>>> print(open('entry-v2.cif').read())   # mmCIF, C-alpha atoms and all ligand atoms
data_upload
#
loop_
_atom_site.label_atom_id
_atom_site.label_comp_id
_atom_site.auth_asym_id
_atom_site.auth_seq_id
_atom_site.Cartn_x
_atom_site.Cartn_y
_atom_site.Cartn_z
CA MET V 124 34.65 8.82 34.68
CA LEU V 125 33.54 12.30 33.64
CA SER V 126 31.83 12.91 36.94
CA ILE V 127 35.04 12.52 38.95
CA LEU V 128 37.25 14.50 36.59
CA VAL V 129 36.11 17.75 38.20
CA ASN V 130 38.03 20.96 37.53
CA MET V 131 39.66 19.34 34.52
CA LYS V 132 40.55 21.94 31.91
CA VAL V 133 38.75 21.33 28.64
CA LEU V 134 38.89 23.08 25.30
CA VAL V 135 35.77 23.28 23.15
CA THR V 136 36.53 24.27 19.56
CA GLY V 137 33.46 25.69 17.88
CA GLY V 138 32.07 26.43 21.34
CA ALA V 139 30.12 29.47 20.12
CA GLY V 140 28.17 27.22 17.76
CA CYS V 141 24.75 25.69 18.26
CA ILE V 142 25.94 22.43 19.80
CA GLY V 143 29.28 23.69 21.16
CA SER V 144 27.74 26.45 23.28
CA ASP V 145 25.27 24.02 24.88
CA LEU V 146 28.17 21.64 25.46
CA ALA V 147 30.27 24.39 27.07
CA GLU V 148 27.41 25.18 29.43
CA ALA V 149 26.91 21.50 30.28
CA LEU V 150 30.64 21.15 31.02
CA LEU V 151 30.58 24.19 33.33
CA LEU V 152 27.65 22.64 35.17
CA ARG V 153 29.85 19.57 35.70
CA ASN V 154 32.56 21.75 37.25
CA PHE V 155 35.00 21.71 34.37
CA GLU V 156 37.13 24.72 33.50
CA VAL V 157 36.09 25.51 29.93
CA THR V 158 37.90 27.40 27.19
CA VAL V 159 36.05 28.03 23.95
CA LEU V 160 38.02 28.73 20.78
CA ASP V 161 35.82 29.99 17.96
CA ASN V 162 36.20 32.35 15.01
CA LEU V 163 32.48 33.21 15.00
CA SER V 164 32.22 32.33 11.30
CA SER V 165 28.93 30.49 11.77
CA GLY V 166 28.68 30.69 15.56
CA LYS V 167 27.45 33.70 17.53
CA ILE V 168 28.78 35.44 20.62
CA GLN V 169 25.15 35.55 21.84
CA HIS V 170 25.28 31.76 22.15
CA VAL V 171 27.86 32.07 24.94
CA GLU V 172 26.89 35.50 26.29
CA LYS V 173 25.50 34.17 29.56
CA LEU V 174 28.71 32.18 30.16
CA LEU V 175 31.11 35.09 29.64
CA GLY V 176 31.13 36.25 33.28
CA HIS V 177 31.62 32.74 34.67
CA SER V 178 34.91 32.34 36.59
CA ARG V 179 35.64 28.97 34.95
CA PHE V 180 34.79 30.10 31.41
CA HIS V 181 37.26 31.60 28.93
CA PHE V 182 36.49 32.72 25.41
CA VAL V 183 39.18 32.97 22.75
CA GLN V 184 38.12 34.43 19.43
CA GLY V 185 40.40 32.96 16.82
CA ASP V 186 40.82 30.63 13.91
CA LEU V 187 41.87 26.98 13.99
CA LEU V 188 43.86 27.64 10.84
CA ASP V 189 46.28 29.61 13.06
CA LEU V 190 48.40 26.77 14.49
CA ASP V 191 50.31 29.07 16.86
CA LEU V 192 47.08 30.29 18.40
CA VAL V 193 45.68 26.76 18.70
CA SER V 194 48.91 25.64 20.33
CA ARG V 195 48.95 28.55 22.80
CA THR V 196 45.31 27.88 23.68
CA MET V 197 46.08 24.20 24.24
CA ALA V 198 48.51 24.88 27.15
CA GLY V 199 47.22 23.19 30.30
CA VAL V 200 44.23 21.58 28.56
CA GLU V 201 43.41 17.99 29.54
CA MET V 202 40.63 17.16 27.10
CA VAL V 203 39.46 18.59 23.79
CA TYR V 204 35.95 18.59 22.37
CA HIS V 205 36.57 19.41 18.71
CA LEU V 206 33.37 20.72 17.14
CA ALA V 207 34.59 23.59 14.96
CA ALA V 208 34.04 22.89 11.29
CA ASN V 209 32.42 24.21 8.21
CA PRO V 210 29.02 22.91 9.31
CA ASP V 211 27.29 23.40 5.97
CA VAL V 212 26.90 20.16 4.03
CA LYS V 213 25.67 21.95 0.94
CA PHE V 214 27.93 22.58 -2.00
CA THR V 215 26.69 25.20 -4.40
CA PRO V 216 28.29 25.18 -7.85
CA GLY V 217 30.78 28.04 -7.84
CA ASP V 218 31.80 27.44 -4.20
CA ALA V 219 35.50 26.86 -3.57
CA THR V 220 36.13 23.10 -3.51
CA ASP V 221 38.83 23.41 -0.82
CA LYS V 222 36.61 25.03 1.84
CA ASP V 223 35.95 21.76 3.68
CA LEU V 224 39.54 20.67 3.19
CA GLN V 225 40.69 23.77 5.06
CA GLN V 226 37.95 24.03 7.67
CA ASN V 227 37.68 20.34 8.45
CA ILE V 228 40.93 18.52 7.63
CA LEU V 229 43.53 21.26 8.12
CA ALA V 230 41.75 22.68 11.16
CA THR V 231 41.53 19.18 12.68
CA TYR V 232 45.20 18.54 11.93
CA HIS V 233 46.06 21.74 13.84
CA VAL V 234 43.99 20.61 16.81
CA LEU V 235 45.67 17.20 16.82
CA GLU V 236 49.15 18.63 16.34
CA ALA V 237 48.64 21.11 19.19
CA MET V 238 47.39 18.20 21.33
CA ARG V 239 50.53 16.24 20.48
CA LEU V 240 52.78 19.20 21.32
CA HIS V 241 51.07 19.66 24.70
CA ALA V 242 50.60 15.93 25.43
CA VAL V 243 46.80 16.23 25.66
CA LYS V 244 45.49 12.68 25.84
CA ARG V 245 41.69 12.83 25.40
CA LEU V 246 39.64 13.95 22.41
CA ALA V 247 35.97 13.95 21.47
CA PHE V 248 35.38 14.67 17.79
CA ALA V 249 32.10 15.73 16.15
CA SER V 250 31.81 13.69 12.98
CA THR V 251 28.69 13.06 10.96
CA SER V 252 26.44 10.48 9.37
CA ALA V 253 27.42 12.16 6.06
CA VAL V 254 30.62 10.03 6.11
CA TYR V 255 28.54 7.02 5.04
CA GLY V 256 27.12 8.54 1.85
CA ILE V 257 24.31 6.47 0.32
CA SER V 258 24.50 3.20 2.19
CA GLU V 259 22.94 -0.02 0.97
CA VAL V 260 22.61 -1.10 4.58
CA GLN V 261 19.91 0.63 6.59
CA PRO V 262 19.95 1.33 9.47
CA ILE V 263 23.67 2.04 9.02
CA PRO V 264 26.07 0.41 11.52
CA GLU V 265 29.44 1.96 12.38
CA ASN V 266 31.29 -0.71 10.38
CA ALA V 267 29.42 0.05 7.14
CA ILE V 268 31.57 1.03 4.18
CA CYS V 269 31.93 4.81 4.00
CA ARG V 270 31.47 6.29 0.53
CA PRO V 271 30.77 9.98 1.14
CA ILE V 272 29.05 11.92 -1.63
CA SER V 273 29.72 15.44 -0.30
CA LEU V 274 32.96 17.33 0.28
CA TYR V 275 31.75 17.85 3.82
CA GLY V 276 31.31 14.09 4.38
CA ALA V 277 34.57 13.26 2.63
CA THR V 278 36.61 15.68 4.72
CA LYS V 279 34.93 14.62 7.97
CA LEU V 280 35.95 11.06 7.09
CA GLY V 281 39.48 12.37 6.47
CA CYS V 282 39.38 13.99 9.91
CA GLU V 283 38.35 10.64 11.40
CA ALA V 284 41.36 9.03 9.73
CA LEU V 285 43.67 11.68 11.19
CA VAL V 286 42.13 11.22 14.63
CA SER V 287 42.68 7.46 14.32
CA ALA V 288 46.35 7.89 13.34
CA PHE V 289 47.14 10.48 16.05
CA SER V 290 45.27 8.34 18.53
CA SER V 291 47.41 5.33 17.69
CA LEU V 292 50.77 7.10 17.32
CA PHE V 293 50.53 9.49 20.25
CA GLU V 294 48.30 7.60 22.71
CA ILE V 295 45.35 9.93 22.51
CA GLN V 296 42.12 8.31 23.67
CA SER V 297 39.47 9.40 21.22
CA TRP V 298 35.73 9.29 20.80
CA ILE V 299 34.43 9.91 17.28
CA PHE V 300 30.73 10.72 17.21
CA ARG V 301 28.85 10.31 13.95
CA PHE V 302 25.96 12.62 14.61
CA ALA V 303 22.51 12.40 13.06
CA ASN V 304 20.94 15.79 12.28
CA ILE V 305 21.15 17.74 15.51
CA VAL V 306 18.32 20.16 16.28
CA GLY V 307 17.64 22.61 19.09
CA ALA V 308 16.78 26.17 20.00
CA LYS V 309 19.87 27.78 18.50
CA VAL V 310 20.35 28.73 14.86
CA ARG V 311 23.55 29.46 12.98
CA LYS V 312 24.71 32.73 11.52
CA ARG V 313 25.00 30.95 8.17
CA GLY V 314 24.19 27.50 6.86
CA ARG V 315 20.47 27.14 7.56
CA THR V 316 19.11 23.88 8.82
CA VAL V 317 15.80 22.59 7.49
CA ILE V 318 13.74 23.91 10.41
CA SER V 319 15.17 27.43 10.47
CA ASP V 320 15.02 27.55 6.67
CA PHE V 321 11.29 26.69 6.64
CA ILE V 322 10.52 29.15 9.45
CA GLN V 323 12.35 31.97 7.69
CA ARG V 324 10.75 31.25 4.31
CA LEU V 325 7.26 31.11 5.87
CA ARG V 326 7.87 34.34 7.74
CA ASP V 327 8.85 35.95 4.45
CA ASP V 328 5.77 34.54 2.67
CA PRO V 329 3.23 32.59 4.76
CA SER V 330 1.29 31.45 1.71
CA ARG V 331 3.97 29.38 -0.02
CA LEU V 332 7.04 27.28 0.74
CA THR V 333 9.80 26.05 -1.54
CA ILE V 334 11.02 22.63 -0.45
CA LEU V 335 14.38 21.39 -1.74
CA GLY V 336 14.18 17.98 -3.43
CA ASN V 337 10.98 15.94 -3.62
CA GLY V 338 10.16 16.22 0.08
CA ARG V 339 10.54 12.48 0.60
CA GLN V 340 14.07 12.80 1.98
CA ALA V 341 13.99 11.06 5.37
CA LYS V 342 16.65 11.54 8.02
CA SER V 343 17.25 10.99 11.72
CA TYR V 344 17.04 13.92 14.13
CA LEU V 345 18.39 14.25 17.64
CA LEU V 346 18.01 17.07 20.15
CA ALA V 347 21.22 18.97 20.97
CA GLU V 348 20.79 18.30 24.69
CA GLU V 349 20.44 14.57 23.99
CA CYS V 350 23.48 14.71 21.71
CA ILE V 351 25.53 16.16 24.57
CA ALA V 352 24.15 13.65 27.08
CA GLY V 353 25.04 10.84 24.65
CA MET V 354 28.58 12.17 24.22
CA PHE V 355 29.13 12.32 27.97
CA TYR V 356 27.70 8.83 28.37
CA ALA V 357 29.94 7.33 25.68
CA ILE V 358 33.03 9.06 27.09
CA GLU V 359 32.26 7.55 30.47
CA HIS V 360 31.40 4.07 29.20
CA ALA V 361 33.35 3.37 26.00
CA GLY V 362 36.94 2.74 27.04
CA GLU V 363 38.81 1.74 23.87
CA ARG V 364 41.73 3.83 22.64
CA LEU V 365 39.60 4.76 19.58
CA ASN V 366 35.82 4.69 19.96
CA ILE V 367 33.52 5.34 16.98
CA VAL V 368 29.80 5.60 17.61
CA ASN V 369 26.66 6.66 15.79
CA LEU V 370 24.76 9.21 17.84
CA GLY V 371 21.13 9.60 16.92
CA CYS V 372 17.77 7.96 17.37
CA ALA V 373 16.51 4.84 15.70
CA ASP V 374 14.00 6.31 13.23
CA SER V 375 13.76 9.00 10.55
CA LEU V 376 11.42 11.79 9.51
CA ARG V 377 10.40 13.04 6.05
CA VAL V 378 11.05 16.62 4.98
CA THR V 379 7.43 17.27 3.96
CA ARG V 380 6.34 16.18 7.44
CA ILE V 381 8.73 18.79 8.90
CA ALA V 382 7.17 21.43 6.61
CA ASP V 383 3.70 20.43 7.88
CA MET V 384 4.91 20.64 11.49
CA VAL V 385 6.52 24.08 11.01
CA ALA V 386 3.44 25.48 9.23
CA ALA V 387 1.13 24.14 11.97
CA ALA V 388 3.37 25.55 14.73
CA MET V 389 3.23 28.96 13.01
CA GLY V 390 -0.58 28.75 12.85
CA LEU V 391 -0.63 28.50 9.05
CA SER V 392 -2.84 26.32 6.89
CA GLY V 393 -3.15 25.80 3.15
CA VAL V 394 0.50 26.62 2.49
CA ASP V 395 1.34 25.96 -1.15
CA TYR V 396 4.39 23.69 -1.37
CA THR V 397 6.70 23.85 -4.40
CA TYR V 398 9.27 21.09 -4.71
CA THR V 399 12.55 21.78 -6.52
CA GLY V 400 12.61 18.08 -7.47
CA GLY V 401 15.16 15.30 -7.35
CA GLU V 402 15.82 12.73 -4.64
CA GLY V 403 18.20 14.90 -2.65
CA GLY V 404 17.78 18.53 -1.66
CA TRP V 405 21.10 19.60 -3.19
CA PRO V 406 24.17 17.99 -4.79
CA GLY V 407 25.77 15.84 -2.11
CA ASP V 408 22.60 15.45 -0.04
CA VAL V 409 22.02 11.92 1.24
CA PRO V 410 18.28 11.57 0.64
CA ARG V 411 17.49 8.85 3.15
CA PHE V 412 19.31 7.41 6.10
CA MET V 413 18.77 5.81 9.45
CA LEU V 414 21.59 5.20 11.89
CA ASP V 415 22.04 1.88 13.63
CA VAL V 416 22.31 3.06 17.22
CA SER V 417 22.70 -0.37 18.80
CA ALA V 418 26.33 0.30 19.83
CA MET V 419 25.15 3.16 22.05
CA SER V 420 22.23 1.02 23.25
CA LEU V 421 24.64 -1.75 24.22
CA LEU V 422 26.63 0.78 26.23
CA GLY V 423 23.35 1.58 28.01
CA TRP V 424 22.24 4.85 26.37
CA GLN V 425 19.45 5.70 24.00
CA ALA V 426 17.72 8.90 22.97
CA ARG V 427 14.49 9.64 24.77
CA CYS V 428 12.93 11.54 21.86
CA ASN V 429 12.32 10.06 18.44
CA SER V 430 12.96 12.21 15.35
CA GLU V 431 9.45 13.67 15.24
CA ARG V 432 9.47 14.66 18.91
CA ALA V 433 12.98 16.15 18.62
CA VAL V 434 11.93 18.24 15.62
CA GLU V 435 8.71 19.29 17.35
CA ILE V 436 10.64 20.52 20.41
CA ALA V 437 13.19 22.32 18.25
CA ILE V 438 10.49 24.10 16.19
CA GLN V 439 8.82 25.39 19.34
CA ALA V 440 12.14 26.48 20.85
CA ILE V 441 13.29 28.32 17.70
CA LEU V 442 9.94 30.07 17.33
CA ARG V 443 9.98 31.13 21.01
CA THR V 444 13.52 32.52 20.73
CA ALA V 445 12.78 34.28 17.43
CA GLU V 446 9.60 35.85 18.80
CA ALA V 447 11.33 37.05 21.95
CA SER V 448 14.18 38.72 20.08
CA GLN V 449 12.49 39.51 16.74
CA ILE V 450 15.54 38.08 15.03
CA GLU V 451 15.99 36.52 11.66
CA VAL V 452 16.15 32.79 12.19
CA GLY V 453 17.89 31.68 9.09
CA GLY V 454 21.14 33.43 8.33
CA ALA V 455 22.20 32.84 4.75
CA ALA V 456 19.75 30.61 2.96
CA CYS V 457 20.68 27.49 1.11
CA LYS V 458 20.13 28.04 -2.57
CA PRO V 459 17.52 25.88 -4.23
N1 LIG G 501 24.12 20.27 13.52
C1 LIG G 501 24.12 19.09 12.92
O1 LIG G 501 23.07 18.60 12.47
C2 LIG G 501 25.40 18.29 12.80
C3 LIG G 501 25.33 17.00 12.24
C4 LIG G 501 26.50 16.28 12.11
C5 LIG G 501 27.71 16.81 12.55
N2 LIG G 501 27.73 18.08 13.07
C6 LIG G 501 29.01 18.62 13.47
O2 LIG G 501 28.90 19.14 14.78
C7 LIG G 501 29.74 20.27 14.92
C8 LIG G 501 28.97 21.46 15.45
O3 LIG G 501 27.92 21.76 14.53
P1 LIG G 501 26.88 22.94 14.80
O4 LIG G 501 25.59 22.51 14.20
O5 LIG G 501 26.91 23.34 16.23
O6 LIG G 501 27.47 24.06 13.85
P2 LIG G 501 27.83 25.57 14.19
O7 LIG G 501 28.12 26.24 12.89
O8 LIG G 501 26.75 26.17 15.01
O9 LIG G 501 29.17 25.41 15.03
C9 LIG G 501 30.45 25.34 14.44
C10 LIG G 501 31.30 26.38 15.14
O10 LIG G 501 32.64 26.30 14.67
C11 LIG G 501 33.14 27.62 14.48
N3 LIG G 501 34.21 27.53 13.49
C12 LIG G 501 34.12 27.10 12.20
N4 LIG G 501 35.31 27.13 11.60
C13 LIG G 501 36.20 27.57 12.54
C14 LIG G 501 37.60 27.80 12.52
N5 LIG G 501 38.34 27.62 11.43
N6 LIG G 501 38.18 28.25 13.66
C15 LIG G 501 37.46 28.46 14.78
N7 LIG G 501 36.12 28.26 14.85
C16 LIG G 501 35.50 27.82 13.74
C17 LIG G 501 31.93 28.41 14.00
O11 LIG G 501 32.04 29.81 14.19
C18 LIG G 501 30.82 27.82 14.87
O12 LIG G 501 30.68 28.50 16.09
C19 LIG G 501 30.38 20.50 13.54
O13 LIG G 501 31.63 19.88 13.53
C20 LIG G 501 29.44 19.79 12.61
O14 LIG G 501 30.09 19.38 11.43
C21 LIG G 501 26.60 18.83 13.20
#
>>> encode(input="entry-v2.cif", output="C-alpha cells", more="lines below")
Ligand SMILES: NC(=O)c1ccc[n+]([C@@H]2O[C@H](COP(=O)([O-])OP(=O)(O)OC[C@H]3O[C@@H](n4cnc5c(N)ncnc54)[C@H](O)[C@@H]3O)[C@@H](O)[C@H]2O)c1
Amino acid sequence: MLSILVNMKVLVTGGAGCIGSDLAEALLLRNFEVTVLDNLSSGKIQHVEKLLGHSRFHFVQGDLLDLDLVSRTMAGVEMVYHLAANPDVKFTPGDATDKDLQQNILATYHVLEAMRLHAVKRLAFASTSAVYGISEVQPIPENAICRPISLYGATKLGCEALVSAFSSLFEIQSWIFRFANIVGAKVRKRGRTVISDFIQRLRDDPSRLTILGNGRQAKSYLLAEECIAGMFYAIEHAGERLNIVNLGCADSLRVTRIADMVAAAMGLSGVDYTYTGGEGGWPGDVPRFMLDVSAMSLLGWQARCNSERAVEIAIQAILRTAEASQIEVGGAACKP
C-alpha cells in the first residue's frame, strides 16, 4: 500500500511538467523521497520552485535521451512515475516525424533499461486515450482495439508495449494509465491545451476567437489533482503484474462549450467565433471520445468532477495564476 511505503525513494520523470510537478508535491506530502528528472523542454522550473528547498526533494535537469544520466539518477530508486514525453498531440506538416519516436519510445526504453539495470520493480506510466484512435465503441473500454491516428498516440502505444515486455521479462509491476485530457492551474511552456489557447487568443483579441475544427469535438476532461488521486488509488488497489486503466470521468464536453465558458469567465460577450472546419482540430486529432471508466469504478474510485466542472475549475485557476503573475498563458500556439 502506498500509505505504508513511507520514505520510499521515487523518481518522477517529467516532474517539472503540469501533472508531474503536482504529483511530486503529492508524493512529498505522503513522505516519499522524490527525485525529479526533467529537461525543461515543455515543463518549467517555476512549477517546482516551492519544492526546491524541501529536504526530501531533488531536482535533476537532464534529458531522458541520455541513458547514462538516467541510469545514474535511478540508483537507489524504488518506484518510477514516468511522465516525461513530448506532450503535444499535434503534428504540423513540416514537423520531424521522429520526434515522438525519440521523446516517447526511446526515452521510455531508457527509463525501463535503467530500471532493469538497477532492479527497480515498480512503474507508473502516463499513457493516453490517444492510443485508441477513432473507436467504434464508445465509451471506450481498456480492451478496445487500439488504432492510433497520431504519431503521439502510436508511440505511446509503443511505450505501453515496451512496458508490458519489461514488466513480464524483468518482474516489474506496472500501472499504465490512459489519461483523458488533464486540466489544471498549470500551463506548459509549449504545446497549448485548449483552455490556455482560448485564454491567450482572447487576451490578444477579445472580440474574436479562432476555434480549430468545427467546435463539435467532444472529449473527456479530468482535473490534475483527481488524476493524481486516481493514480495513487489504482497503485494501491490494482495488484496485477501489469495493470492498464482508463483514467478520466464518464462524460465529455464540446469545444464550443469550452469557448463559451472561457469567454464568460473573462467577462466577454458577443465574441465572434471562426471555425477552421473539419471534424478534428488538426491532423491526428480524435474528434470525439468518452472513456469507459468502469474498471476504476470497480476498484472503488471515480472522479468527483465531471468534464464541465473540471474545465470550469481549470479556467478559473489559470486565469487567477495569469492575473497574479501577468504571464503569457499559452506558450507556443498550435497552428490552425
Ligand atoms: N495533459 C494531458 O491532457 C495528458 C493527456 C494524456 C496523457 N498525458 C501524458 O501525461 C504526461 C504529462 O503531461 P503534462 O500535461 O504534464 O505535460 P508537460 O509538458 O507539462 O510535462 C512533460 C514534462 O516532461 C519533460 N520532458 C519532455 N521530454 C523530456 C526528456 N526527453 N527528458 C526529460 N524531460 C522531458 C518536459 O520538460 C515536461 O516538464 C505526458 O506523458 C503526457 O503525454 C497528458
>>> residues_near_ligand(input="entry-v2.cif", ligand="ligand LIG 501 (chain G)", cutoff="8 Å", atoms="all atoms listed in the file", output="PyMOL selection string")
chain V and resi 136-144+160-167+184-188+205-211+225-227+230+248-253+275+279+301-306+309-314+316+344
>>> write_last_selection(input="entry-v2.cif", atoms="C-alpha atoms", output="PDB file, in the frame of the given file")
ATOM      1  CA  THR V 136      36.530  24.270  19.560  1.00  0.00           C
ATOM      2  CA  GLY V 137      33.460  25.690  17.880  1.00  0.00           C
ATOM      3  CA  GLY V 138      32.070  26.430  21.340  1.00  0.00           C
ATOM      4  CA  ALA V 139      30.120  29.470  20.120  1.00  0.00           C
ATOM      5  CA  GLY V 140      28.170  27.220  17.760  1.00  0.00           C
ATOM      6  CA  CYS V 141      24.750  25.690  18.260  1.00  0.00           C
ATOM      7  CA  ILE V 142      25.940  22.430  19.800  1.00  0.00           C
ATOM      8  CA  GLY V 143      29.280  23.690  21.160  1.00  0.00           C
ATOM      9  CA  SER V 144      27.740  26.450  23.280  1.00  0.00           C
ATOM     10  CA  LEU V 160      38.020  28.730  20.780  1.00  0.00           C
ATOM     11  CA  ASP V 161      35.820  29.990  17.960  1.00  0.00           C
ATOM     12  CA  ASN V 162      36.200  32.350  15.010  1.00  0.00           C
ATOM     13  CA  LEU V 163      32.480  33.210  15.000  1.00  0.00           C
ATOM     14  CA  SER V 164      32.220  32.330  11.300  1.00  0.00           C
ATOM     15  CA  SER V 165      28.930  30.490  11.770  1.00  0.00           C
ATOM     16  CA  GLY V 166      28.680  30.690  15.560  1.00  0.00           C
ATOM     17  CA  LYS V 167      27.450  33.700  17.530  1.00  0.00           C
ATOM     18  CA  GLN V 184      38.120  34.430  19.430  1.00  0.00           C
ATOM     19  CA  GLY V 185      40.400  32.960  16.820  1.00  0.00           C
ATOM     20  CA  ASP V 186      40.820  30.630  13.910  1.00  0.00           C
ATOM     21  CA  LEU V 187      41.870  26.980  13.990  1.00  0.00           C
ATOM     22  CA  LEU V 188      43.860  27.640  10.840  1.00  0.00           C
ATOM     23  CA  HIS V 205      36.570  19.410  18.710  1.00  0.00           C
ATOM     24  CA  LEU V 206      33.370  20.720  17.140  1.00  0.00           C
ATOM     25  CA  ALA V 207      34.590  23.590  14.960  1.00  0.00           C
ATOM     26  CA  ALA V 208      34.040  22.890  11.290  1.00  0.00           C
ATOM     27  CA  ASN V 209      32.420  24.210   8.210  1.00  0.00           C
ATOM     28  CA  PRO V 210      29.020  22.910   9.310  1.00  0.00           C
ATOM     29  CA  ASP V 211      27.290  23.400   5.970  1.00  0.00           C
ATOM     30  CA  GLN V 225      40.690  23.770   5.060  1.00  0.00           C
ATOM     31  CA  GLN V 226      37.950  24.030   7.670  1.00  0.00           C
ATOM     32  CA  ASN V 227      37.680  20.340   8.450  1.00  0.00           C
ATOM     33  CA  ALA V 230      41.750  22.680  11.160  1.00  0.00           C
ATOM     34  CA  PHE V 248      35.380  14.670  17.790  1.00  0.00           C
ATOM     35  CA  ALA V 249      32.100  15.730  16.150  1.00  0.00           C
ATOM     36  CA  SER V 250      31.810  13.690  12.980  1.00  0.00           C
ATOM     37  CA  THR V 251      28.690  13.060  10.960  1.00  0.00           C
ATOM     38  CA  SER V 252      26.440  10.480   9.370  1.00  0.00           C
ATOM     39  CA  ALA V 253      27.420  12.160   6.060  1.00  0.00           C
ATOM     40  CA  TYR V 275      31.750  17.850   3.820  1.00  0.00           C
ATOM     41  CA  LYS V 279      34.930  14.620   7.970  1.00  0.00           C
ATOM     42  CA  ARG V 301      28.850  10.310  13.950  1.00  0.00           C
ATOM     43  CA  PHE V 302      25.960  12.620  14.610  1.00  0.00           C
ATOM     44  CA  ALA V 303      22.510  12.400  13.060  1.00  0.00           C
ATOM     45  CA  ASN V 304      20.940  15.790  12.280  1.00  0.00           C
ATOM     46  CA  ILE V 305      21.150  17.740  15.510  1.00  0.00           C
ATOM     47  CA  VAL V 306      18.320  20.160  16.280  1.00  0.00           C
ATOM     48  CA  LYS V 309      19.870  27.780  18.500  1.00  0.00           C
ATOM     49  CA  VAL V 310      20.350  28.730  14.860  1.00  0.00           C
ATOM     50  CA  ARG V 311      23.550  29.460  12.980  1.00  0.00           C
ATOM     51  CA  LYS V 312      24.710  32.730  11.520  1.00  0.00           C
ATOM     52  CA  ARG V 313      25.000  30.950   8.170  1.00  0.00           C
ATOM     53  CA  GLY V 314      24.190  27.500   6.860  1.00  0.00           C
ATOM     54  CA  THR V 316      19.110  23.880   8.820  1.00  0.00           C
ATOM     55  CA  TYR V 344      17.040  13.920  14.130  1.00  0.00           C
TER      56      TYR V 344
END
>>> atom_distance(input="entry-v2.cif", atom1="atom CA of Ala361 of chain V", atom2="atom CA of Leu414 of chain V")
18.5 Å
>>> residues_around(input="entry-v2.cif", residues="Ile367 of chain V", least_positions_apart="6", cutoff="8 Å", atoms="all atoms listed in the file", output="PyMOL selection string")
chain V and resi 265+298-301
>>> residues_around(input="entry-v2.cif", residues="segment 189-201 of chain V", least_positions_apart="2", cutoff="8 Å", atoms="all atoms listed in the file", output="list of chain:residue names")
V:Met131, V:Lys132, V:Val133, V:Leu134, V:Leu160, V:Gly185, V:Asp186, V:Leu187, V:Val203, V:His233, V:Val234, V:Ala237, V:Met238, V:Leu240, V:His241, V:Val243, V:Lys244, V:Arg245
>>> write_last_selection(input="entry-v2.cif", atoms="C-alpha atoms", output="PDB file, in the coordinates of the input")
ATOM      1  CA  MET V 131      39.660  19.340  34.520  1.00  0.00           C
ATOM      2  CA  LYS V 132      40.550  21.940  31.910  1.00  0.00           C
ATOM      3  CA  VAL V 133      38.750  21.330  28.640  1.00  0.00           C
ATOM      4  CA  LEU V 134      38.890  23.080  25.300  1.00  0.00           C
ATOM      5  CA  LEU V 160      38.020  28.730  20.780  1.00  0.00           C
ATOM      6  CA  GLY V 185      40.400  32.960  16.820  1.00  0.00           C
ATOM      7  CA  ASP V 186      40.820  30.630  13.910  1.00  0.00           C
ATOM      8  CA  LEU V 187      41.870  26.980  13.990  1.00  0.00           C
ATOM      9  CA  VAL V 203      39.460  18.590  23.790  1.00  0.00           C
ATOM     10  CA  HIS V 233      46.060  21.740  13.840  1.00  0.00           C
ATOM     11  CA  VAL V 234      43.990  20.610  16.810  1.00  0.00           C
ATOM     12  CA  ALA V 237      48.640  21.110  19.190  1.00  0.00           C
ATOM     13  CA  MET V 238      47.390  18.200  21.330  1.00  0.00           C
ATOM     14  CA  LEU V 240      52.780  19.200  21.320  1.00  0.00           C
ATOM     15  CA  HIS V 241      51.070  19.660  24.700  1.00  0.00           C
ATOM     16  CA  VAL V 243      46.800  16.230  25.660  1.00  0.00           C
ATOM     17  CA  LYS V 244      45.490  12.680  25.840  1.00  0.00           C
ATOM     18  CA  ARG V 245      41.690  12.830  25.400  1.00  0.00           C
TER      19      ARG V 245
END
>>> atom_distance(input="entry-v2.cif", atom1="atom CA of Ala147 of chain V", atom2="atom CA of Ala388 of chain V")
29.6 Å
>>> decode(input="entry-v2.cif", residues="segment 347-363 of chain V", atoms="C-alpha atoms", output="short mmCIF file (atom, residue, chain, number, x, y, z; two decimals), in the first residue's frame")
data_model
loop_
_atom_site.label_atom_id
_atom_site.label_comp_id
_atom_site.auth_asym_id
_atom_site.auth_seq_id
_atom_site.Cartn_x
_atom_site.Cartn_y
_atom_site.Cartn_z
CA ALA V 347 -4.86 17.10 -12.46
CA GLU V 348 -5.43 16.61 -8.73
CA GLU V 349 -8.06 13.95 -9.47
CA CYS V 350 -5.70 12.31 -11.97
CA ILE V 351 -3.06 12.01 -9.25
CA ALA V 352 -5.58 10.74 -6.69
CA GLY V 353 -6.75 8.15 -9.23
CA MET V 354 -3.17 7.02 -9.90
CA PHE V 355 -2.47 6.57 -6.20
CA TYR V 356 -5.74 4.69 -5.76
CA ALA V 357 -5.05 2.30 -8.64
CA ILE V 358 -1.49 1.66 -7.44
CA GLU V 359 -2.87 0.74 -4.04
CA HIS V 360 -5.76 -1.37 -5.29
CA ALA V 361 -4.82 -2.93 -8.65
CA GLY V 362 -2.36 -5.71 -7.90
CA GLU V 363 -1.67 -7.46 -11.21
#
